[in-house]
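Right, one structure below, let's go through it.
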Amino acid sequence: MSKHPLFEEHVATVPAEQEVPSTPSAPRRMTLNMGPQHPSTHGVLRIVLELEGETIISAEPDIGFLHTGIEKECEQKHWQQVVTLTDRVDYLSNLSNNLVYALTVEKLLQLEIPPKAQWSRVMMAELSRLNSHLVWLGTHALDIGAMSMFFYCFREREDILRILEMFSGQRMMTSYIRIGGLALDHPRGWQHALGKFIRAFPSKVDEYEDLLDSNPIWTRRTKGVGFISLADMLDQGVTGPMIRAAGVPLDCRKTEPYSSYDKFNFKVATRTENDVYARYRVRLQEMRESAKIITQALEGMPDGSWHADAPHVVLPDREKMKTQMEALIYHFKIVTEGFRVPAGEVYQCIESPRGEIGYYIVSDGTSKPYRVHMRTPSFGNLQALPTMLKGILLADSIAALGSMDFVLGDTDR
Amino acid sequence: MPYIVLSLIKTLIVVLVLMHTLAYLQWVERKVIAHVQLRVGPRRVGPHGLLQPLADVIKLVTKEGMIPSHVNTPFYFLAPFIAVLFALIPMCLIPYGGDINLFGIHTTMQVTDVSIGVLLVLGLSGMGVYGVALAGWASNNKYSLMGGLRSSAQMISYELPMALAIAAPLLMLNTLSFRHMVDAQTGFYFGFLPKWAIFQGPFPQIFSFILFSIAGFAETNRVPFDLPEAENELVAGFHTEYSSMSFAAFFMAEYANMVTVSCVATLLFLGGWQPLWPAEYGSSFLPSLIFLASAVICFLHAARPARPFDRITLPVFGVLFLIIAGVFLIPPVQQILIPLFWFGAKVGGILFVFIWVRATLPRFRYDQLMRFAWTFMFPAALINLFITGLLVAVS
């Protein structure tokens with residue numbers, strides 16, 4: 001086997017230090033340092049703005065304040081342990097990250113996942129999409145000054161977190177989707193709890209729409225704001241609701257179906273205006289579609305096993321472990337040294353609430369990953385920031401920033 | 001009684017009541033907004049958080065006043081004083097009720113009755129912008145500066161439609177003194193419709209009232225016009241660099257301005273302390289009825305208490321309400337309390353709208369706000385003034 005370029009030693013080349021202008025380039029201009037501690041940058045994003053009056057002449061994002069080194073840390077963990085790290089990358093849609101990691105490693109392992117696990121994964125990913133969009137809507141409205149929306153959105157989010165807790169025992173960092181299936185079987189009474197929530201949810205989305213769309217201030221603040229040309233978007237690697245709001249029906253769930261998404265009936269929401277308002281409408285529509293998908297998963301949940309038939313990957317039943325020699329040995333092996341994954345490299349992408357999230361994993365055949373690279377949508381979408389903010393008002397920059405829906409943990413990894 | 005002693009007593013009463021109103025207005029705001037937003041609001045300090053304002057005051061007073069090293073010190077200290085000074089002075093120009101004849105003393109429920117009260121209040125509230133602008137400038141912080149600039153532009157722009165909106169009812173009432181203004185709104189059409197400026201002929205001032213309210217929101221920097229302190233863009237706007245009492249001064253000024261605007265709106269448009277319907281139909285018994293109903297509710301709930309604690313507190317409050325209901329029926333006290341009740345009820349209603357709007361609406365953008373002032377508010381107020389003048393001249 002020829003050596004993969006990643007296996008060779010690389011000498012890091014440090015780019016020449018970029019000078020942030022401390023004095024404005026023109027006497028009438030003002031340099032404004034926005035962040036990293038600022039109420040509206042949604043985390044520790046720093047943007048150096050050059051203003052003329054209240055008009056933004058140039059904007060330069062400065063990321064890295066939330067760098068956690070998760071990608072590097074993945075190399076120190078067994079394959080299964082990495083799942084808990086992926087939760088913490090994008091802390092608003094944890095299950096999407098679990099899912100993409102599990103799918104990537106399963107591709108290397110060539111595992112067959114039973115339908116029940118696949119459908120539950122879809123259900124969970126959509127729940128986490130709802131969760132993420134609700135937080136987005138609440139904080140976005142809060143940025144524009146509609147305080148109360150935040151609390152209404154968090155009311156529904158609380159229900160979602162309760163359901164996640166019911167399934168996995170955790171509210172946020174669930175790690176529910178594991179390599180080889182799920183962490184646990186479905187709890188008793190889950191249909192009732194989820195059904196109750198999902199039946200009421202579409203009316204809640206209508207309520208949000210009513211509250212915001214019928215308000216002329218809201219439409220004035222969002223329509224025609226934060227425009228960026230489609231060509232720029234494509235150049236800069238923007239994905240997700242942002243590009244769908246520009247009229248491109250790019251959605252990994254449709255274009256590269258994974259985890260039996262092709263068996264579900266849903267539409268990809270698109271708009272053509274490509275402004276803050278369009279992004280808001282796209283996300284609202286996505287919430288409705290997600291609710292449909294969850295309803296389908298709930299009604300058509302297949303019977304069967306919730307994990308793959310792979311004793312060398314999936315931990316055995318507690319009972320089997322106590323009674324069968326073989327299961328005990330597997331348990332001991334998996335817990336102490338993990339499982340080995342065949343050498344190779346693989347890329348898998350899914351549609352996270354923010355856009356295309358892809359994991360590129362290199363394995364050298366041991367029980368730990370050699371390299372895990374995450375192609376995160378927040379990072380891609382953030383590239384459009386300088387183009388988008390150029391020439392608009394400071395107040396609009398808040399609306400435009402909010403419409404991008406980035407998570408700094410996802411950007412910095 | 002010598003004039004000076006009487007004035008001192010009245011000032012003391014106004015200051016005491018006003019300070020408590022300002023503190024508790026904040027409590028009311030927190031409670032109302034909390035209930036709009038599915039929360040319960042302050043609950044820890046005292047029953048239903050009733051002592052929360054006290055705790056806030058103690059916290060703000062005992063907190064160390066930080067002075068950032070980069071500020072322009074004299075103006076930095078001057079700004080909160082200016083803001084709070086020009087917010088509080090109008091309070092002594094506002095009448096809270098009619099005349100008092102008690103123990104042989106004849107006086108008015110007002111610290112001082114100025115014959116040009118309206119103009120003075122307008123002028124003083126216009127001066128308030130200096131506090132905000134100076135705070136923004138002296139803080140030597142870019143966010144504060146932008147907050148201060150926005151605020152000056154906004155307050156100056158909205159002063160114009162506000163003054164024009166005020167001019168229209170003044171044409172009809174034909175006076176500049178608050179006291180005479182209320183007198184001019186006495187009486188009822190057809191025996192039931194009050195002759196308040198918003199109902200009064202020849203041209204009911206309802207548009208003027210709406211315009212004045214909108215301009216009032218802008219003047220007091222409240223949502224949806226709270227751009228100077230738009231927290232999501234400008235962190236805290238002009239008071240970013242302030243802490244402890246100097247911060248509290250700005251806070252107090254905002255609430256005092258709110259109360260002033262509500263009082264002026266009540267006096268100009270809603271007939272001051274004139275009742276909603278004539279006394280011969282029993283309007284003087286309304287406060288007693290309200291407190292009686294509250295007492296009955298208290299006793300009913302005390303019979304089936306939700307918590308063991310309620311078994312004691314609810315009857316206590318019930319008895320308290322009964323006593324207040326009784327006090328409103330004593331004739332010599334009644335002549336003081338009934339006008340106060342109506343005035344308070346109207347001001348409270350307007351203040352509630354202030355709070356309600358804050359929980360409901362998003363924020364305007366700076367240019368939209370200015371455009372709104374110059375392309376809608378100003379022409380509308382002008383047309384309204386023109387029509388009023390025409391009709392007053394004709395009739």
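Labeling convention for the structure tokens: chains A, B, ... as they appear, residues from 1 per chain, ligands from 1 in order of appearance.
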Can you list, as a PyMOL selection string, every protein, DNA or RNA residue that comes within 12 Å of range 328-330 of chain A when you count only C-alpha atoms, leaving out same-chain residues fewer than 6 positions away?
chain A and resi 310-322+336-339
Give me a file of those residues, with C-alpha atoms, as a tab-separated table (two decimals), in the first residue's frame.
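File produced: result-v1.tsv:
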```
chain	number	residue	atom	x	y	z
A	310	ALA	CA	-21.66	-7.09	14.76
A	311	PRO	CA	-20.57	-8.43	18.14
A	312	HIS	CA	-17.05	-7.09	17.63
A	313	VAL	CA	-18.39	-3.51	17.45
A	314	VAL	CA	-21.58	-3.35	19.47
A	315	LEU	CA	-21.45	-3.99	23.20
A	316	PRO	CA	-23.32	-7.19	24.11
A	317	ASP	CA	-26.48	-7.31	26.18
A	318	ARG	CA	-25.97	-7.09	29.89
A	319	GLU	CA	-27.72	-10.43	30.35
A	320	LYS	CA	-25.69	-12.18	27.66
A	321	MET	CA	-22.53	-10.79	29.16
A	322	LYS	CA	-23.36	-12.40	32.49
A	336	THR	CA	-10.40	-2.15	27.05
A	337	GLU	CA	-8.96	-1.72	23.58
A	338	GLY	CA	-11.88	-0.86	21.34
A	339	PHE	CA	-12.33	-2.38	17.94
```
Distance cut-off 6 Å, counting only C-alpha atoms - which residues of chain A neighbour chain B? Return them as a PyMOL selection string.
chain A and resi 39-40+143-146+148+151
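Of note, CA of Tyr158 in chain B and CA of Thr21 in chain B are spaced 26.3 Å apart.
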DSSP on the backbone: which residues in range 212-321 of chain A end up as alpha helix (DSSP H)? Give the answer as a ChimeraX atom specification.
/A:212-213,216-222,230-235,241-244,252-255,276-299,318-321
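Distance annotation: of A:Ser363, A:Thr376, A:Gln285, A:Ser203, the residue with the minimal separation from Ile350 in chain A is A:Thr376; atom set is only C-alpha atoms.
The residues of range 267-395 of chain A that DSSP classifies as strand (DSSP E or B), using the backbone of this structure, are His307, Gly344, Glu345, Val346, Tyr347, Gln348, Cys349, Ile350, Glu351, Ser352, Gly355, Glu356, Ile357, Gly358, Tyr359, Tyr360, Ile361, Val362, Ser363, Arg371, Val372, His373, Met374, Arg375 and Leu393 of chain A.
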Those residues you just picked out, can you put them in a file as a compact mmCIF listing (two decimals), in the first residue's frame with N, CA and C atoms?
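Contents of out.txt, freshly written:
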```
# COMPACT_ATOMS: atom_id res chain seq x y z
N HIS A 307 -29.55 -2.50 16.77
CA HIS A 307 -28.12 -2.39 16.48
C HIS A 307 -27.73 -3.42 15.45
N GLY A 344 -7.89 2.79 5.65
CA GLY A 344 -8.50 3.42 4.48
C GLY A 344 -8.94 4.82 4.82
N GLU A 345 -9.49 5.45 3.82
CA GLU A 345 -9.97 6.80 4.05
C GLU A 345 -11.35 6.92 3.44
N VAL A 346 -12.18 7.75 4.08
CA VAL A 346 -13.56 7.79 3.65
C VAL A 346 -14.15 9.15 3.97
N TYR A 347 -15.08 9.58 3.11
CA TYR A 347 -15.79 10.83 3.37
C TYR A 347 -17.28 10.55 3.32
N GLN A 348 -17.98 11.11 4.26
CA GLN A 348 -19.43 10.95 4.26
C GLN A 348 -20.04 12.28 4.68
N CYS A 349 -21.07 12.71 3.97
CA CYS A 349 -21.70 13.97 4.37
C CYS A 349 -23.18 13.76 4.61
N ILE A 350 -23.71 14.55 5.50
CA ILE A 350 -25.15 14.57 5.72
C ILE A 350 -25.61 16.02 5.76
N GLU A 351 -26.92 16.19 5.83
CA GLU A 351 -27.48 17.53 5.89
C GLU A 351 -27.75 17.86 7.36
N SER A 352 -26.92 18.71 7.92
CA SER A 352 -27.17 19.15 9.29
C SER A 352 -28.09 20.37 9.21
N GLY A 355 -26.31 23.01 7.26
CA GLY A 355 -25.81 22.77 5.92
C GLY A 355 -25.11 21.44 5.83
N GLU A 356 -24.24 21.30 4.83
CA GLU A 356 -23.59 20.02 4.62
C GLU A 356 -22.50 19.84 5.67
N ILE A 357 -22.63 18.77 6.44
CA ILE A 357 -21.57 18.45 7.39
C ILE A 357 -20.96 17.14 6.94
N GLY A 358 -19.63 17.15 6.77
CA GLY A 358 -18.97 15.96 6.27
C GLY A 358 -17.78 15.60 7.13
N TYR A 359 -17.60 14.30 7.36
CA TYR A 359 -16.43 13.85 8.11
C TYR A 359 -15.53 13.11 7.14
N TYR A 360 -14.26 13.50 7.16
CA TYR A 360 -13.27 12.81 6.36
C TYR A 360 -12.36 12.08 7.34
N ILE A 361 -12.38 10.75 7.28
CA ILE A 361 -11.68 9.98 8.30
C ILE A 361 -10.63 9.10 7.63
N VAL A 362 -9.45 9.12 8.21
CA VAL A 362 -8.37 8.24 7.75
C VAL A 362 -8.10 7.23 8.85
N SER A 363 -8.11 5.97 8.49
CA SER A 363 -7.81 4.93 9.47
C SER A 363 -6.53 4.23 9.08
N ARG A 371 -6.81 10.22 11.55
CA ARG A 371 -7.13 11.62 11.36
C ARG A 371 -8.64 11.74 11.17
N VAL A 372 -9.23 12.68 11.86
CA VAL A 372 -10.64 12.99 11.65
C VAL A 372 -10.72 14.44 11.24
N HIS A 373 -11.18 14.67 10.02
CA HIS A 373 -11.38 16.06 9.60
C HIS A 373 -12.87 16.31 9.45
N MET A 374 -13.29 17.44 9.99
CA MET A 374 -14.71 17.76 9.90
C MET A 374 -14.90 18.91 8.95
N ARG A 375 -15.74 18.68 7.95
CA ARG A 375 -16.13 19.78 7.06
C ARG A 375 -17.43 20.33 7.66
N LEU A 393 -25.90 48.47 6.70
CA LEU A 393 -25.89 49.23 7.96
C LEU A 393 -25.50 48.33 9.12
```
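For Pro204 in chain B, the residues within 10 Å (counting only C-alpha atoms, excluding itself and residues fewer than 6 positions away along the chain) are Ala168, Pro169, Met172, Lys195, Trp196, Ala197, Ile198, Phe269 and Thr388 of chain B.
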Shell of 8 Å around Asn97 in chain A, only C-alpha atoms, local chain residues under 3 positions omitted, as JSON, numbers by chain
{"A": [86, 87, 89, 90, 93, 94, 100, 101, 352, 357]}
Generate a file of the selected residues that holds N, CA and C atoms, formatted as a PDB file, in the first residue's frame.
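Saved result, result26.pdb, follows:
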```pdb
ATOM      1  N   THR A  86     -17.979  14.209  19.221  1.00  0.00           N
ATOM      2  CA  THR A  86     -18.736  14.816  18.116  1.00  0.00           C
ATOM      3  C   THR A  86     -19.951  15.574  18.641  1.00  0.00           C
ATOM      4  N   ASP A  87     -20.498  15.129  19.770  1.00  0.00           N
ATOM      5  CA  ASP A  87     -21.597  15.871  20.396  1.00  0.00           C
ATOM      6  C   ASP A  87     -21.234  17.320  20.620  1.00  0.00           C
ATOM      7  N   VAL A  89     -19.088  19.273  19.111  1.00  0.00           N
ATOM      8  CA  VAL A  89     -18.660  20.129  18.008  1.00  0.00           C
ATOM      9  C   VAL A  89     -19.738  21.165  17.725  1.00  0.00           C
ATOM     10  N   ASP A  90     -20.905  20.671  17.341  1.00  0.00           N
ATOM     11  CA  ASP A  90     -22.029  21.565  17.090  1.00  0.00           C
ATOM     12  C   ASP A  90     -23.028  21.291  18.198  1.00  0.00           C
ATOM     13  N   SER A  93     -26.963  20.836  17.422  1.00  0.00           N
ATOM     14  CA  SER A  93     -27.530  19.690  16.709  1.00  0.00           C
ATOM     15  C   SER A  93     -26.590  18.502  16.888  1.00  0.00           C
ATOM     16  N   ASN A  94     -26.507  18.054  18.136  1.00  0.00           N
ATOM     17  CA  ASN A  94     -25.545  17.019  18.495  1.00  0.00           C
ATOM     18  C   ASN A  94     -25.759  15.740  17.717  1.00  0.00           C
ATOM     19  N   VAL A 100     -23.362  11.576  11.469  1.00  0.00           N
ATOM     20  CA  VAL A 100     -22.404  11.603  10.361  1.00  0.00           C
ATOM     21  C   VAL A 100     -21.140  10.837  10.748  1.00  0.00           C
ATOM     22  N   TYR A 101     -20.742  10.922  11.999  1.00  0.00           N
ATOM     23  CA  TYR A 101     -19.556  10.170  12.413  1.00  0.00           C
ATOM     24  C   TYR A 101     -19.819   8.672  12.338  1.00  0.00           C
ATOM     25  N   SER A 352     -26.923  18.712   7.917  1.00  0.00           N
ATOM     26  CA  SER A 352     -27.173  19.149   9.291  1.00  0.00           C
ATOM     27  C   SER A 352     -28.094  20.370   9.210  1.00  0.00           C
ATOM     28  N   ILE A 357     -22.632  18.772   6.444  1.00  0.00           N
ATOM     29  CA  ILE A 357     -21.571  18.454   7.391  1.00  0.00           C
ATOM     30  C   ILE A 357     -20.956  17.141   6.942  1.00  0.00           C
TER      31      ILE A 357
END
```
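Considering only C-alpha atoms, the residue among B:Ser7, B:Thr266, B:Ser284, B:Thr220 positioned nearest to Thr107 in chain B is B:Ser7.
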Would you pick out the contacts of range 77-82 of chain B at 8 Å or less, using only C-alpha atoms, so that residues sharing its chain but fewer than 6 positions from it are not included, and give the list as a PDB file with all heavy atoms, in the first residue's frame?
```pdb
ATOM      1  N   GLY B 128     -33.282  66.770  28.177  1.00  0.00           N
ATOM      2  CA  GLY B 128     -32.822  65.444  28.610  1.00  0.00           C
ATOM      3  C   GLY B 128     -31.862  64.809  27.626  1.00  0.00           C
ATOM      4  O   GLY B 128     -31.026  63.996  28.009  1.00  0.00           O
ATOM      5  N   TYR B 130     -29.365  65.990  26.341  1.00  0.00           N
ATOM      6  CA  TYR B 130     -27.969  66.317  26.674  1.00  0.00           C
ATOM      7  C   TYR B 130     -27.345  65.243  27.549  1.00  0.00           C
ATOM      8  O   TYR B 130     -26.162  64.912  27.390  1.00  0.00           O
ATOM      9  CB  TYR B 130     -27.895  67.673  27.379  1.00  0.00           C
ATOM     10  CG  TYR B 130     -27.949  68.828  26.417  1.00  0.00           C
ATOM     11  CD1 TYR B 130     -29.089  69.593  26.299  1.00  0.00           C
ATOM     12  CD2 TYR B 130     -26.856  69.125  25.615  1.00  0.00           C
ATOM     13  CE1 TYR B 130     -29.156  70.635  25.399  1.00  0.00           C
ATOM     14  CE2 TYR B 130     -26.914  70.165  24.714  1.00  0.00           C
ATOM     15  CZ  TYR B 130     -28.065  70.924  24.610  1.00  0.00           C
ATOM     16  OH  TYR B 130     -28.119  71.930  23.714  1.00  0.00           O
ATOM     17  N   GLY B 131     -28.138  64.730  28.477  1.00  0.00           N
ATOM     18  CA  GLY B 131     -27.618  63.674  29.352  1.00  0.00           C
ATOM     19  C   GLY B 131     -27.132  62.492  28.540  1.00  0.00           C
ATOM     20  O   GLY B 131     -26.007  62.014  28.699  1.00  0.00           O
ATOM     21  N   VAL B 132     -27.980  62.053  27.614  1.00  0.00           N
ATOM     22  CA  VAL B 132     -27.648  60.873  26.813  1.00  0.00           C
ATOM     23  C   VAL B 132     -26.481  61.164  25.878  1.00  0.00           C
ATOM     24  O   VAL B 132     -25.539  60.373  25.774  1.00  0.00           O
ATOM     25  CB  VAL B 132     -28.899  60.439  26.030  1.00  0.00           C
ATOM     26  CG1 VAL B 132     -28.574  59.296  25.114  1.00  0.00           C
ATOM     27  CG2 VAL B 132     -30.012  60.068  26.982  1.00  0.00           C
ATOM     28  N   LEU B 134     -24.168  63.463  26.102  1.00  0.00           N
ATOM     29  CA  LEU B 134     -22.914  63.664  26.845  1.00  0.00           C
ATOM     30  C   LEU B 134     -22.374  62.335  27.358  1.00  0.00           C
ATOM     31  O   LEU B 134     -21.164  62.090  27.320  1.00  0.00           O
ATOM     32  CB  LEU B 134     -23.151  64.606  28.029  1.00  0.00           C
ATOM     33  CG  LEU B 134     -23.021  66.090  27.742  1.00  0.00           C
ATOM     34  CD1 LEU B 134     -23.235  66.873  29.011  1.00  0.00           C
ATOM     35  CD2 LEU B 134     -21.653  66.404  27.165  1.00  0.00           C
ATOM     36  N   ALA B 135     -23.278  61.474  27.834  1.00  0.00           N
ATOM     37  CA  ALA B 135     -22.825  60.170  28.328  1.00  0.00           C
ATOM     38  C   ALA B 135     -22.135  59.410  27.212  1.00  0.00           C
ATOM     39  O   ALA B 135     -21.077  58.814  27.404  1.00  0.00           O
ATOM     40  CB  ALA B 135     -24.016  59.381  28.868  1.00  0.00           C
ATOM     41  N   SER B 246     -24.549  55.756  39.075  1.00  0.00           N
ATOM     42  CA  SER B 246     -24.630  56.559  37.856  1.00  0.00           C
ATOM     43  C   SER B 246     -25.422  55.805  36.789  1.00  0.00           C
ATOM     44  O   SER B 246     -26.131  56.414  35.985  1.00  0.00           O
ATOM     45  CB  SER B 246     -23.241  56.931  37.352  1.00  0.00           C
ATOM     46  OG  SER B 246     -22.402  55.824  37.369  1.00  0.00           O
ATOM     47  N   PHE B 247     -25.324  54.481  36.817  1.00  0.00           N
ATOM     48  CA  PHE B 247     -26.157  53.685  35.914  1.00  0.00           C
ATOM     49  C   PHE B 247     -27.616  53.785  36.344  1.00  0.00           C
ATOM     50  O   PHE B 247     -28.519  53.963  35.523  1.00  0.00           O
ATOM     51  CB  PHE B 247     -25.688  52.233  35.919  1.00  0.00           C
ATOM     52  CG  PHE B 247     -26.673  51.277  35.327  1.00  0.00           C
ATOM     53  CD1 PHE B 247     -26.878  51.250  33.969  1.00  0.00           C
ATOM     54  CD2 PHE B 247     -27.404  50.424  36.126  1.00  0.00           C
ATOM     55  CE1 PHE B 247     -27.796  50.388  33.414  1.00  0.00           C
ATOM     56  CE2 PHE B 247     -28.322  49.567  35.584  1.00  0.00           C
ATOM     57  CZ  PHE B 247     -28.522  49.540  34.225  1.00  0.00           C
ATOM     58  N   ALA B 249     -29.019  56.161  37.748  1.00  0.00           N
ATOM     59  CA  ALA B 249     -29.574  57.468  37.410  1.00  0.00           C
ATOM     60  C   ALA B 249     -30.193  57.435  36.011  1.00  0.00           C
ATOM     61  O   ALA B 249     -31.300  57.934  35.804  1.00  0.00           O
ATOM     62  CB  ALA B 249     -28.483  58.524  37.474  1.00  0.00           C
ATOM     63  N   PHE B 250     -29.496  56.801  35.052  1.00  0.00           N
ATOM     64  CA  PHE B 250     -30.048  56.709  33.699  1.00  0.00           C
ATOM     65  C   PHE B 250     -31.327  55.895  33.686  1.00  0.00           C
ATOM     66  O   PHE B 250     -32.289  56.206  32.999  1.00  0.00           O
ATOM     67  CB  PHE B 250     -29.030  56.078  32.747  1.00  0.00           C
ATOM     68  CG  PHE B 250     -27.956  57.019  32.337  1.00  0.00           C
ATOM     69  CD1 PHE B 250     -26.645  56.782  32.657  1.00  0.00           C
ATOM     70  CD2 PHE B 250     -28.262  58.156  31.611  1.00  0.00           C
ATOM     71  CE1 PHE B 250     -25.660  57.651  32.279  1.00  0.00           C
ATOM     72  CE2 PHE B 250     -27.284  59.036  31.231  1.00  0.00           C
ATOM     73  CZ  PHE B 250     -25.978  58.778  31.574  1.00  0.00           C
TER      74      PHE B 250
END
```
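Interatomic distance, CA of His38 in chain A against CA of Arg30 in chain B: 23.8 Å.
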Non-local contacts of Phe291 in chain B (12 Å; only C-alpha atoms; under 2 positions in same chain excluded) as an MDAnalysis selection string
chainID B and resid 285:289 293:298 317:329 341
I'd like the contact shell of range 65-72 of chain A - 7 Å cut-off, only C-alpha atoms, skipping same-chain residues fewer than 5 positions apart - returned as a ChimeraX atom specification.
/A:44-45,85,372-373,408-409,412-413
Take the residues just selected and output them with all heavy atoms as a JSON list (two decimals), in the first residue's frame.
```
[["chain", "number", "residue", "atom", "x", "y", "z"],
["A", 44, "VAL", "N", -18.19, 33.38, 20.55],
["A", 44, "VAL", "CA", -17.01, 34.24, 20.62],
["A", 44, "VAL", "C", -16.43, 34.52, 19.24],
["A", 44, "VAL", "O", -15.31, 34.18, 18.95],
["A", 44, "VAL", "CB", -15.96, 33.65, 21.56],
["A", 44, "VAL", "CG1", -16.33, 33.90, 22.98],
["A", 44, "VAL", "CG2", -15.82, 32.17, 21.32],
["A", 45, "LEU", "N", -17.23, 35.15, 18.40],
["A", 45, "LEU", "CA", -16.75, 35.57, 17.09],
["A", 45, "LEU", "C", -16.33, 37.03, 17.19],
["A", 45, "LEU", "O", -17.01, 37.83, 17.82],
["A", 45, "LEU", "CB", -17.88, 35.43, 16.06],
["A", 45, "LEU", "CG", -17.62, 36.01, 14.68],
["A", 45, "LEU", "CD1", -16.54, 35.23, 13.97],
["A", 45, "LEU", "CD2", -18.89, 36.01, 13.86],
["A", 85, "LEU", "N", -17.21, 13.07, 21.62],
["A", 85, "LEU", "CA", -16.60, 14.35, 21.20],
["A", 85, "LEU", "C", -17.42, 15.03, 20.12],
["A", 85, "LEU", "O", -17.53, 16.25, 20.09],
["A", 85, "LEU", "CB", -15.17, 14.11, 20.70],
["A", 85, "LEU", "CG", -14.14, 13.73, 21.75],
["A", 85, "LEU", "CD1", -12.82, 13.43, 21.07],
["A", 85, "LEU", "CD2", -13.96, 14.84, 22.74],
["A", 372, "VAL", "N", -9.23, 12.68, 11.86],
["A", 372, "VAL", "CA", -10.64, 12.99, 11.65],
["A", 372, "VAL", "C", -10.72, 14.44, 11.24],
["A", 372, "VAL", "O", -10.32, 15.32, 11.99],
["A", 372, "VAL", "CB", -11.47, 12.77, 12.94],
["A", 372, "VAL", "CG1", -12.91, 13.16, 12.72],
["A", 372, "VAL", "CG2", -11.37, 11.33, 13.40],
["A", 373, "HIS", "N", -11.18, 14.67, 10.02],
["A", 373, "HIS", "CA", -11.38, 16.06, 9.60],
["A", 373, "HIS", "C", -12.87, 16.31, 9.45],
["A", 373, "HIS", "O", -13.58, 15.48, 8.90],
["A", 373, "HIS", "CB", -10.68, 16.35, 8.28],
["A", 373, "HIS", "CG", -11.02, 17.70, 7.75],
["A", 373, "HIS", "ND1", -10.50, 18.85, 8.30],
["A", 373, "HIS", "CD2", -11.85, 18.10, 6.76],
["A", 373, "HIS", "CE1", -11.00, 19.89, 7.66],
["A", 373, "HIS", "NE2", -11.83, 19.46, 6.72],
["A", 408, "LEU", "N", -20.23, 28.68, 16.90],
["A", 408, "LEU", "CA", -18.79, 28.88, 16.91],
["A", 408, "LEU", "C", -18.03, 27.62, 17.25],
["A", 408, "LEU", "O", -16.92, 27.41, 16.78],
["A", 408, "LEU", "CB", -18.43, 30.02, 17.87],
["A", 408, "LEU", "CG", -18.25, 31.40, 17.24],
["A", 408, "LEU", "CD1", -17.09, 31.36, 16.28],
["A", 408, "LEU", "CD2", -19.46, 31.88, 16.52],
["A", 409, "GLY", "N", -18.63, 26.75, 18.02],
["A", 409, "GLY", "CA", -17.98, 25.47, 18.31],
["A", 409, "GLY", "C", -17.80, 24.67, 17.03],
["A", 409, "GLY", "O", -16.81, 23.98, 16.83],
["A", 412, "ASP", "N", -14.85, 26.44, 14.89],
["A", 412, "ASP", "CA", -13.46, 26.36, 15.33],
["A", 412, "ASP", "C", -12.98, 24.95, 15.60],
["A", 412, "ASP", "O", -11.79, 24.67, 15.51],
["A", 412, "ASP", "CB", -13.28, 27.19, 16.61],
["A", 412, "ASP", "CG", -13.41, 28.67, 16.33],
["A", 412, "ASP", "OD1", -13.31, 29.03, 15.16],
["A", 412, "ASP", "OD2", -13.62, 29.44, 17.26],
["A", 413, "ARG", "N", -13.91, 24.05, 15.94],
["A", 413, "ARG", "CA", -13.55, 22.66, 16.28],
["A", 413, "ARG", "C", -12.39, 22.60, 17.25],
["A", 413, "ARG", "O", -11.31, 22.09, 16.90],
["A", 413, "ARG", "CB", -13.18, 21.88, 15.05],
["A", 413, "ARG", "CG", -14.35, 21.33, 14.31],
["A", 413, "ARG", "CD", -14.60, 21.94, 12.97],
["A", 413, "ARG", "NE", -13.49, 21.83, 12.05],
["A", 413, "ARG", "CZ", -13.33, 22.68, 11.06],
["A", 413, "ARG", "NH1", -14.16, 23.67, 10.91],
["A", 413, "ARG", "NH2", -12.33, 22.53, 10.22]]
```
